[in-house]
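S.K.: Have a look at this one before I ask anything.
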Amino acid sequence: MGGTLHYLSDLLLGGGGRSKSHKKKQQFNTVELKVKMDCDGCELKVRNTLATMKGVQSVEINRKQSKVTVQGMVETQRVLRRAQSTGKRVELWPYVPYTNPYVAPPAAYDKRAPPGHVRRVDAVLPVTPDQEERLATLFSDDNPNACAVM
């Protein structure tokens with residue numbers, strides 16, 4: 001039934017019975033950015049630039065943490081490019097909440113992280129046996145070019 005109504009409405013409204021384009025529907029998205037802001041003017045510039053984007057419903061800025069949260073029907077990369085157009089240093093929010101000290105999350109300690117957060121680490125490269133051997137011989141007594149501090 002719904003297909004018939006869609007067909008008739010396209011036919012009567014001049015669509016010729018065929019949809020001109022089938023766009024992918026955007027979903028509600030929350031984008032968190034780390035933006036270096038020093039003053040009220042910087043904050044206002046970033047807020048106005050992001051708030052005028054199509055699909056943005058809210059822009060929240062926490063200048064103390066250098067965190068900008070954009071909510072709406074937006075794509076992450078478009079928000080990132082738009083924020084970079086302000087001339088500020090911008091990156092995706094690199095921190096995740098730190099909850100359990102006994103479980104090793106894919107994260108690393110960062111002294112600039114907000115309280116209760118650690119830096120997200122996306123990929124950790126495994127150490128190959130060849131690299132491991134070079135590291136072991138770097139501080140070896142048998143190696144004449146070894147570190148003399150040890």
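Residue numbering restarts at 1 in every chain; chains get A, B, ... in the order shown in the structure tokens, and ligands count up from 1 in that same order.
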Tell me, as a VMD selection string, which residues lie within 6 Å of A:Trp93, counting only C-alpha atoms; anything in the same chain fewer than 6 positions away does not count.
M.R.: chain A and resid 32 to 34
S.K.: Could you dump the residues just selected with all heavy atoms as a short mmCIF file (atom, residue, chain, number, x, y, z; two decimals), in the first residue's frame?
M.R.:
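Saved file again32.cif follows:
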```cif
data_model
loop_
_atom_site.label_atom_id
_atom_site.label_comp_id
_atom_site.auth_asym_id
_atom_site.auth_seq_id
_atom_site.Cartn_x
_atom_site.Cartn_y
_atom_site.Cartn_z
N GLU A 32 32.38 14.52 19.19
CA GLU A 32 33.17 15.19 20.22
C GLU A 32 34.52 15.56 19.63
O GLU A 32 35.21 14.72 19.05
CB GLU A 32 33.34 14.29 21.43
CG GLU A 32 32.04 14.01 22.14
CD GLU A 32 32.21 13.08 23.33
OE1 GLU A 32 33.15 12.25 23.30
OE2 GLU A 32 31.43 13.19 24.27
N LEU A 33 34.91 16.82 19.81
CA LEU A 33 36.17 17.33 19.27
C LEU A 33 37.00 17.95 20.38
O LEU A 33 36.47 18.44 21.37
CB LEU A 33 35.90 18.41 18.22
CG LEU A 33 35.04 18.04 17.02
CD1 LEU A 33 34.73 19.29 16.21
CD2 LEU A 33 35.74 17.03 16.16
N LYS A 34 38.30 17.94 20.17
CA LYS A 34 39.22 18.67 21.04
C LYS A 34 39.70 19.88 20.24
O LYS A 34 40.35 19.73 19.20
CB LYS A 34 40.41 17.80 21.45
CG LYS A 34 41.37 18.52 22.38
CD LYS A 34 42.50 17.60 22.80
CE LYS A 34 43.45 18.35 23.71
NZ LYS A 34 44.59 17.51 24.08
#
```
S.K.: Find the residues around A:Asn62 up to 10 Å (only C-alpha atoms counted), leave out those fewer than 6 positions away in its own chain, and share them as a list in words.
M.R.: Lys34, Val35, Met37, Glu43, Val68 and Thr69 of chain A
S.K.: Could you dump the residues just selected with all heavy atoms as a compact mmCIF listing (two decimals), in the first residue's frame?
M.R.:
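Contents of selection07.txt, as written:
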```
# COMPACT_ATOMS: atom_id res chain seq x y z
N LYS A 34 38.30 17.94 20.17
CA LYS A 34 39.22 18.67 21.04
C LYS A 34 39.70 19.88 20.24
O LYS A 34 40.35 19.73 19.20
CB LYS A 34 40.41 17.80 21.45
CG LYS A 34 41.37 18.52 22.38
CD LYS A 34 42.50 17.60 22.80
CE LYS A 34 43.45 18.35 23.71
NZ LYS A 34 44.59 17.51 24.08
N VAL A 35 39.34 21.08 20.70
CA VAL A 35 39.64 22.32 19.98
C VAL A 35 40.38 23.24 20.93
O VAL A 35 39.90 23.54 22.03
CB VAL A 35 38.36 23.00 19.47
CG1 VAL A 35 38.70 24.25 18.69
CG2 VAL A 35 37.55 22.06 18.61
N MET A 37 41.12 26.49 22.42
CA MET A 37 40.48 27.80 22.49
C MET A 37 41.07 28.56 23.69
O MET A 37 41.17 28.01 24.78
CB MET A 37 38.97 27.65 22.67
CG MET A 37 38.28 26.99 21.50
SD MET A 37 36.56 26.66 21.81
CE MET A 37 36.66 25.26 22.90
N GLU A 43 35.96 30.92 21.42
CA GLU A 43 34.81 30.07 21.71
C GLU A 43 33.61 30.48 20.87
O GLU A 43 32.91 29.64 20.29
CB GLU A 43 34.47 30.16 23.19
CG GLU A 43 33.31 29.29 23.61
CD GLU A 43 33.01 29.39 25.10
OE1 GLU A 43 33.89 29.78 25.88
OE2 GLU A 43 31.87 29.08 25.47
N VAL A 68 34.49 20.20 22.54
CA VAL A 68 33.31 20.68 21.83
C VAL A 68 32.46 19.48 21.48
O VAL A 68 32.96 18.51 20.89
CB VAL A 68 33.71 21.45 20.54
CG1 VAL A 68 32.48 21.87 19.78
CG2 VAL A 68 34.58 22.64 20.87
N THR A 69 31.18 19.51 21.85
CA THR A 69 30.26 18.42 21.55
C THR A 69 29.18 18.95 20.61
O THR A 69 28.48 19.90 20.94
CB THR A 69 29.60 17.88 22.84
OG1 THR A 69 30.63 17.51 23.75
CG2 THR A 69 28.73 16.69 22.55
```
S.K.: Select, from A:Pro129, A:Asn29, A:Leu13, A:Lys88, the residue with the minimum atom-to-atom distance to A:Lys45, counting only C-alpha atoms.
M.R.: A:Lys88
S.K.: Can you measure atom CA of A:Gln71 to atom CA of A:Val31 for me? One decimal in Å is fine.
M.R.: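 Rounded to one decimal, the two atoms are 6.4 Å apart.
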S.K.: So, with only C-alpha atoms as the atoms that count, which of A:Cys39, A:Leu44, A:Ala51, A:Leu80 lies closest to A:Lys64?
M.R.: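 Looking at the shortest contact to A:Lys64, the residue is A:Cys39.
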S.K.: Kindly give the distance, in Å, that separates atom CA of A:Gln27 and atom CA of A:Met73, rounded to a single decimal.
M.R.: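 Atom CA of A:Met73 lies 5.6 Å from atom CA of A:Gln27.
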S.K.: My list of candidates is A:Val79, A:Met53, A:Val90, A:Val121. Which is closest to A:Lys67 when distances are computed with only C-alpha atoms?
M.R.: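 Looking only at the distances to A:Lys67, the closest residue turns out to be A:Val90.
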S.K.: Which of these, A:Gln131, A:Asn145, A:Gln65, A:Thr86, has the shortest distance to A:His117 once you count only C-alpha atoms?
M.R.: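 The answer is A:Gln65, which sits nearest to A:His117.
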S.K.: Using only C-alpha atoms, which protein or nucleic acid residues come within 7 Å of A:Ala108? Drop anything in the same chain fewer than 5 positions from it, and give the result as a JSON list (two decimals) with C-alpha atoms, in the first residue's frame.
M.R.:
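Below is the file part-v7.json, written as the result:
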```json
[["chain", "number", "residue", "atom", "x", "y", "z"],
["A", 118, "VAL", "CA", 42.92, 8.25, 29.56],
["A", 119, "ARG", "CA", 44.01, 8.69, 25.93],
["A", 120, "ARG", "CA", 42.44, 6.27, 23.46],
["A", 121, "VAL", "CA", 44.90, 4.11, 21.55]]
```
S.K.: Could you give me the residues within stretch 17-131 of chain A that DSSP places in alpha helix (DSSP H), as a VMD selection string?
M.R.: chain A and resid 40 to 51 76 to 84 129 to 131
S.K.: Go ahead and write the residues just picked, N, CA and C atoms, as a PDB file, in the first residue's frame.
M.R.:
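Below is the file part09.pdb, written as the result:
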```pdb
ATOM      1  N   ASP A  40      37.133  34.093  24.953  1.00  0.00           N
ATOM      2  CA  ASP A  40      35.704  34.073  24.631  1.00  0.00           C
ATOM      3  C   ASP A  40      35.476  34.252  23.130  1.00  0.00           C
ATOM      4  N   GLY A  41      36.342  35.031  22.482  1.00  0.00           N
ATOM      5  CA  GLY A  41      36.220  35.233  21.041  1.00  0.00           C
ATOM      6  C   GLY A  41      36.436  33.947  20.264  1.00  0.00           C
ATOM      7  N   CYS A  42      37.436  33.172  20.691  1.00  0.00           N
ATOM      8  CA  CYS A  42      37.693  31.869  20.038  1.00  0.00           C
ATOM      9  C   CYS A  42      36.487  30.954  20.213  1.00  0.00           C
ATOM     10  N   GLU A  43      35.961  30.920  21.420  1.00  0.00           N
ATOM     11  CA  GLU A  43      34.810  30.068  21.709  1.00  0.00           C
ATOM     12  C   GLU A  43      33.609  30.482  20.866  1.00  0.00           C
ATOM     13  N   LEU A  44      33.365  31.785  20.747  1.00  0.00           N
ATOM     14  CA  LEU A  44      32.239  32.292  19.973  1.00  0.00           C
ATOM     15  C   LEU A  44      32.400  31.963  18.489  1.00  0.00           C
ATOM     16  N   LYS A  45      33.631  32.092  17.991  1.00  0.00           N
ATOM     17  CA  LYS A  45      33.897  31.793  16.578  1.00  0.00           C
ATOM     18  C   LYS A  45      33.617  30.323  16.274  1.00  0.00           C
ATOM     19  N   VAL A  46      34.084  29.419  17.131  1.00  0.00           N
ATOM     20  CA  VAL A  46      33.861  27.985  16.935  1.00  0.00           C
ATOM     21  C   VAL A  46      32.371  27.663  17.059  1.00  0.00           C
ATOM     22  N   ARG A  47      31.713  28.233  18.069  1.00  0.00           N
ATOM     23  CA  ARG A  47      30.287  27.969  18.277  1.00  0.00           C
ATOM     24  C   ARG A  47      29.459  28.419  17.072  1.00  0.00           C
ATOM     25  N   ASN A  48      29.701  29.645  16.574  1.00  0.00           N
ATOM     26  CA  ASN A  48      28.928  30.151  15.444  1.00  0.00           C
ATOM     27  C   ASN A  48      29.189  29.356  14.177  1.00  0.00           C
ATOM     28  N   THR A  49      30.437  28.955  13.956  1.00  0.00           N
ATOM     29  CA  THR A  49      30.766  28.183  12.763  1.00  0.00           C
ATOM     30  C   THR A  49      30.071  26.835  12.760  1.00  0.00           C
ATOM     31  N   LEU A  50      30.067  26.159  13.910  1.00  0.00           N
ATOM     32  CA  LEU A  50      29.453  24.830  13.968  1.00  0.00           C
ATOM     33  C   LEU A  50      27.933  24.902  14.052  1.00  0.00           C
ATOM     34  N   ALA A  51      27.398  25.927  14.705  1.00  0.00           N
ATOM     35  CA  ALA A  51      25.954  26.027  14.871  1.00  0.00           C
ATOM     36  C   ALA A  51      25.247  26.340  13.554  1.00  0.00           C
ATOM     37  N   THR A  76      30.659  12.999  10.988  1.00  0.00           N
ATOM     38  CA  THR A  76      31.840  13.322  11.779  1.00  0.00           C
ATOM     39  C   THR A  76      32.876  14.093  10.966  1.00  0.00           C
ATOM     40  N   GLN A  77      33.169  13.639   9.762  1.00  0.00           N
ATOM     41  CA  GLN A  77      34.210  14.276   8.956  1.00  0.00           C
ATOM     42  C   GLN A  77      33.824  15.682   8.515  1.00  0.00           C
ATOM     43  N   ARG A  78      32.547  15.919   8.260  1.00  0.00           N
ATOM     44  CA  ARG A  78      32.101  17.263   7.880  1.00  0.00           C
ATOM     45  C   ARG A  78      32.252  18.228   9.051  1.00  0.00           C
ATOM     46  N   VAL A  79      31.913  17.773  10.241  1.00  0.00           N
ATOM     47  CA  VAL A  79      32.063  18.626  11.427  1.00  0.00           C
ATOM     48  C   VAL A  79      33.540  18.914  11.668  1.00  0.00           C
ATOM     49  N   LEU A  80      34.388  17.909  11.509  1.00  0.00           N
ATOM     50  CA  LEU A  80      35.825  18.087  11.706  1.00  0.00           C
ATOM     51  C   LEU A  80      36.390  19.104  10.712  1.00  0.00           C
ATOM     52  N   ARG A  81      36.024  18.988   9.446  1.00  0.00           N
ATOM     53  CA  ARG A  81      36.509  19.944   8.441  1.00  0.00           C
ATOM     54  C   ARG A  81      35.995  21.351   8.710  1.00  0.00           C
ATOM     55  N   ARG A  82      34.751  21.456   9.129  1.00  0.00           N
ATOM     56  CA  ARG A  82      34.164  22.783   9.402  1.00  0.00           C
ATOM     57  C   ARG A  82      34.847  23.433  10.596  1.00  0.00           C
ATOM     58  N   ALA A  83      35.165  22.646  11.618  1.00  0.00           N
ATOM     59  CA  ALA A  83      35.858  23.193  12.785  1.00  0.00           C
ATOM     60  C   ALA A  83      37.283  23.606  12.416  1.00  0.00           C
ATOM     61  N   GLN A  84      37.935  22.865  11.532  1.00  0.00           N
ATOM     62  CA  GLN A  84      39.285  23.215  11.098  1.00  0.00           C
ATOM     63  C   GLN A  84      39.294  24.487  10.275  1.00  0.00           C
ATOM     64  N   PRO A 129      59.893 -10.525  16.381  1.00  0.00           N
ATOM     65  CA  PRO A 129      61.069 -11.123  17.023  1.00  0.00           C
ATOM     66  C   PRO A 129      62.372 -10.410  16.656  1.00  0.00           C
ATOM     67  N   ASP A 130      62.481  -9.908  15.430  1.00  0.00           N
ATOM     68  CA  ASP A 130      63.681  -9.194  15.014  1.00  0.00           C
ATOM     69  C   ASP A 130      63.850  -7.902  15.819  1.00  0.00           C
ATOM     70  N   GLN A 131      62.761  -7.171  16.025  1.00  0.00           N
ATOM     71  CA  GLN A 131      62.815  -5.932  16.819  1.00  0.00           C
ATOM     72  C   GLN A 131      63.143  -6.248  18.275  1.00  0.00           C
TER      73      GLN A 131
END
```
